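Reading through the structure tokens given below for one structure.
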Amino acid sequence: MASSEISRVRERSKCRKRLNEIYDEAINAYVIHYSCESFYAPDGQSPLANSTRVTSIAVRNLKSGQTKTWSIHKSAELGKQLEKLSELIKANAPLTNQEQDAGALRTEATAHISEILNPLEFDMLNGYFSFLSNHSDSTYVHWNMRDDNYGFSALEHRFRVLGGNPVILQDNKKFDLARELITLFGKRYAPHTSPKGRRGRLMSIIELNRIADTDALQGAEEAAAFVNGEFIKLQQSTLRKVDVLSNIFDRTHDKSLKTNASFTDKYGVHPIALIEVAKNNPIVSGFVFLAGIFAAVVRYKDSIGSFFP
């Protein structure tokens, strides 16, 4: 028990140190978020065989707030294909609700959609990875982007599928804010369902801290926005998410972030763990230092007095 709680305190200290380092070099740090199609097949359909299509990516500089975005929508607009894309998406959206016996029709439609979307997605991902190549020494603050389902490796895989050669960001350049909040505040820092009924700890933290989240969609809502051709709505959500994550990072750094974590959630209750906390607290350490000097003066006051008659 004692060793696990001491380990937790030390991990918190490492996390806090890393967070401070990122903040001090904020001009070389970016907040990143991306949206994608749904991870799941529509009701009544067989599971999706292909990797999940990426629909938009945003990165925001932690210091300046300058933000860059890439999206299928923007690639289509730059390629003078936006009207064609909109018509294609809207014309095929009803197919997602077709019954099982319409499988051949869906397969044909999916192939037609991919023929149009794949070059646009490639262009979007190529822009992102070009940026990453030029900023590979920067740190990227993210929320749960840590596996092949949703994460940096998912972006890499998707670019390879489309014929690209992705830049591999090293793990020491990634800072998973979602995971580190657990390190700092414990697993009960926020519920998985927010007071308003929205899914995910991110939404719970947003509501608990009253962070402005106008236009921020949940994952399923972002996927639906793309299917329905609501590209501006999707881009606004992606932009809002990096703004929200930057806000949460700043509040975590200045220790003003509100959570549901109790003292024991963060530190445990073992006396040795509490001593470890005290050792790492500069105020407590300073008090102990001054108390030590005062005790020494009291103990040796007669000897000291002989030097100052």
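The way I read the labels, and the way they are meant: chains A, B, ... in the order of the structure tokens, residue 1 as the first residue of every chain, and ligand 1 as the first ligand shown, with later ones counted on from there.
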
Which residues are near Ser75 in chain A? Cut-off 7 Å, only C-alpha atoms, ignore same chain within fewer than 4 positions. Put them as a list in words.
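Surrounding residues, per the criterion: Ser71, Gly79, Leu120, Asp123 and Met124 of chain A.
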
Within 9 Å of range 22-32 of chain A using only C-alpha atoms, minus same-chain residues under 2 positions, as a ChimeraX atom specification
/A:17-20,34,57-65,67,135,137-143,241-243,245-246,249-250,253

Print the selection's residues with N, CA, C and O atoms to a file, as a compact mmCIF listing (two decimals), in the first residue's frame.
```
# COMPACT_ATOMS: atom_id res chain seq x y z
N LYS A 17 6.06 18.24 -13.43
CA LYS A 17 7.30 18.78 -13.98
C LYS A 17 7.23 18.84 -15.50
O LYS A 17 7.62 19.85 -16.12
N ARG A 18 6.73 17.77 -16.11
CA ARG A 18 6.60 17.73 -17.57
C ARG A 18 5.63 18.79 -18.07
O ARG A 18 5.88 19.48 -19.07
N LEU A 19 4.53 18.95 -17.36
CA LEU A 19 3.53 19.95 -17.72
C LEU A 19 4.12 21.35 -17.67
O LEU A 19 3.89 22.18 -18.56
N ASN A 20 4.92 21.62 -16.63
CA ASN A 20 5.56 22.92 -16.49
C ASN A 20 6.57 23.16 -17.62
O ASN A 20 6.70 24.28 -18.12
N TYR A 34 -8.55 15.66 -33.99
CA TYR A 34 -9.06 15.37 -35.33
C TYR A 34 -10.40 14.66 -35.24
O TYR A 34 -10.75 14.08 -34.21
N ILE A 57 -8.56 17.81 -39.32
CA ILE A 57 -7.49 17.87 -38.32
C ILE A 57 -7.22 19.32 -37.98
O ILE A 57 -7.23 20.18 -38.87
N ALA A 58 -6.98 19.60 -36.70
CA ALA A 58 -6.63 20.96 -36.28
C ALA A 58 -5.47 20.91 -35.30
O ALA A 58 -5.41 20.03 -34.44
N VAL A 59 -4.54 21.86 -35.43
CA VAL A 59 -3.46 22.02 -34.45
C VAL A 59 -3.42 23.49 -34.05
O VAL A 59 -3.52 24.38 -34.89
N ARG A 60 -3.28 23.73 -32.76
CA ARG A 60 -3.28 25.10 -32.22
C ARG A 60 -2.01 25.31 -31.40
O ARG A 60 -1.69 24.50 -30.51
N ASN A 61 -1.28 26.37 -31.70
CA ASN A 61 -0.08 26.66 -30.93
C ASN A 61 -0.45 27.04 -29.51
O ASN A 61 -1.33 27.89 -29.28
N LEU A 62 0.20 26.40 -28.54
CA LEU A 62 -0.16 26.59 -27.15
C LEU A 62 0.15 28.00 -26.65
O LEU A 62 -0.51 28.50 -25.73
N LYS A 63 1.11 28.66 -27.26
CA LYS A 63 1.50 30.00 -26.84
C LYS A 63 0.70 31.09 -27.55
O LYS A 63 0.07 31.94 -26.92
N SER A 64 0.72 31.05 -28.87
CA SER A 64 0.12 32.14 -29.67
C SER A 64 -1.35 31.93 -29.97
O SER A 64 -2.06 32.88 -30.27
N GLY A 65 -1.81 30.68 -29.90
CA GLY A 65 -3.19 30.39 -30.25
C GLY A 65 -3.42 30.28 -31.75
O GLY A 65 -4.54 29.99 -32.19
N THR A 67 -3.84 28.76 -35.20
CA THR A 67 -4.39 27.43 -35.48
C THR A 67 -4.38 27.13 -36.97
O THR A 67 -4.71 27.99 -37.79
N HIS A 135 7.68 20.39 -37.92
CA HIS A 135 7.53 20.68 -36.49
C HIS A 135 7.63 19.40 -35.66
O HIS A 135 6.96 19.25 -34.63
N ASP A 137 9.96 18.43 -33.78
CA ASP A 137 10.61 18.63 -32.48
C ASP A 137 9.67 19.26 -31.46
O ASP A 137 10.05 19.43 -30.30
N SER A 138 8.48 19.62 -31.89
CA SER A 138 7.50 20.22 -30.98
C SER A 138 6.78 19.14 -30.19
O SER A 138 6.81 17.96 -30.53
N THR A 139 6.12 19.57 -29.12
CA THR A 139 5.32 18.65 -28.31
C THR A 139 3.86 18.82 -28.69
O THR A 139 3.39 19.94 -28.92
N TYR A 140 3.11 17.71 -28.73
CA TYR A 140 1.72 17.73 -29.13
C TYR A 140 0.82 17.26 -27.99
O TYR A 140 0.89 16.10 -27.56
N VAL A 141 0.02 18.19 -27.50
CA VAL A 141 -0.92 17.90 -26.42
C VAL A 141 -2.20 17.38 -27.06
O VAL A 141 -2.76 18.01 -27.96
N HIS A 142 -2.70 16.24 -26.59
CA HIS A 142 -3.86 15.63 -27.22
C HIS A 142 -4.77 14.99 -26.18
O HIS A 142 -4.44 14.95 -24.98
N TRP A 143 -5.91 14.50 -26.64
CA TRP A 143 -6.87 13.85 -25.76
C TRP A 143 -7.16 12.44 -26.29
O TRP A 143 -7.87 12.26 -27.25
N LYS A 241 -12.65 22.23 -30.24
CA LYS A 241 -12.02 21.20 -29.40
C LYS A 241 -10.58 21.58 -29.04
O LYS A 241 -10.16 21.41 -27.89
N VAL A 242 -9.80 22.08 -30.01
CA VAL A 242 -8.41 22.45 -29.68
C VAL A 242 -8.39 23.66 -28.76
O VAL A 242 -7.49 23.80 -27.92
N ASP A 243 -9.38 24.54 -28.89
CA ASP A 243 -9.49 25.69 -28.00
C ASP A 243 -9.81 25.23 -26.58
O ASP A 243 -9.21 25.69 -25.60
N LEU A 245 -9.22 22.21 -25.26
CA LEU A 245 -8.09 21.46 -24.71
C LEU A 245 -6.98 22.40 -24.25
O LEU A 245 -6.32 22.16 -23.23
N SER A 246 -6.76 23.48 -25.00
CA SER A 246 -5.78 24.47 -24.60
C SER A 246 -6.19 25.12 -23.28
O SER A 246 -5.35 25.36 -22.39
N PHE A 249 -5.56 22.67 -20.46
CA PHE A 249 -4.13 22.58 -20.18
C PHE A 249 -3.68 23.76 -19.32
O PHE A 249 -2.96 23.58 -18.34
N ASP A 250 -4.10 24.97 -19.69
CA ASP A 250 -3.71 26.16 -18.93
C ASP A 250 -4.23 26.09 -17.49
O ASP A 250 -3.51 26.45 -16.55
N HIS A 253 -2.18 23.67 -15.54
CA HIS A 253 -0.88 24.23 -15.20
C HIS A 253 -0.96 25.19 -14.02
O HIS A 253 -0.14 25.13 -13.10
```

What does the distance from CA of Ala261 in chain A to CA of Phe185 in chain A come to in Å, to one decimal?
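Taking CA of Ala261 in chain A and CA of Phe185 in chain A, their separation equals 5.7 Å.
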
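Of note, CA of Gln66 in chain A and CA of Ala154 in chain A are spaced 24.9 Å apart.
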
I need the strand (DSSP E) residues of range 44-223 of chain A per DSSP on the backbone, written as JSON, numbers by chain.
{"A": [54, 55, 56, 57, 58, 59, 60, 61, 67, 68, 69, 70, 71, 139, 140, 141, 142, 174, 175, 176]}

Determine the nearest neighbour of Ala225 in chain A from the options A:Ser7, A:Asn172, A:Ser13, A:Thr55, counting only C-alpha atoms.
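The answer is A:Thr55, which sits nearest to Ala225 in chain A.
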
Which of these residues is nearest to His73 in chain A, using only C-alpha atoms: A:Ser38, A:Gln235, A:Asn118, A:Asn260?
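Closest to His73 in chain A, using only C-alpha atoms: A:Gln235.
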
Which residues come within 7 Å of Val54 in chain A, counting only C-alpha atoms, excluding same-chain residues fewer than 3 positions away, as a PyMOL selection string?
chain A and resi 35-37

Here is a test: counting only C-alpha atoms, which residue of A:Thr69, A:Val244, A:Arg179, A:Ile113 is nearest to Leu88 in chain A?
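The closest residue to Leu88 in chain A is A:Ile113.
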
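With only C-alpha atoms taken into account, the protein and nucleic acid residues at most 9 Å from Ser262 in chain A (excluding it and anything under 5 positions from it in its own chain) are Phe185, Gly186, Arg188, Tyr189 and Tyr267 of chain A.
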
Using only C-alpha atoms, find the one residue out of A:Ala76, A:Asn50, A:Arg8, A:Leu239 that sits nearest to Thr214 in chain A.
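Nearest candidate to Thr214 in chain A out of A:Ala76, A:Asn50, A:Arg8, A:Leu239: A:Leu239.
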
Between CA of Ala220 in chain A and CA of Leu85 in chain A, what is the distance, to one decimal in Å?
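Distance reported for this atom pair: 20.9 Å.
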
Check range 16-194 of chain A with DSSP on the backbone and list each residue it calls alpha helix (DSSP H), as a ChimeraX atom specification.
/A:16-24,72-78,82-92,103-134,152-161,177-185
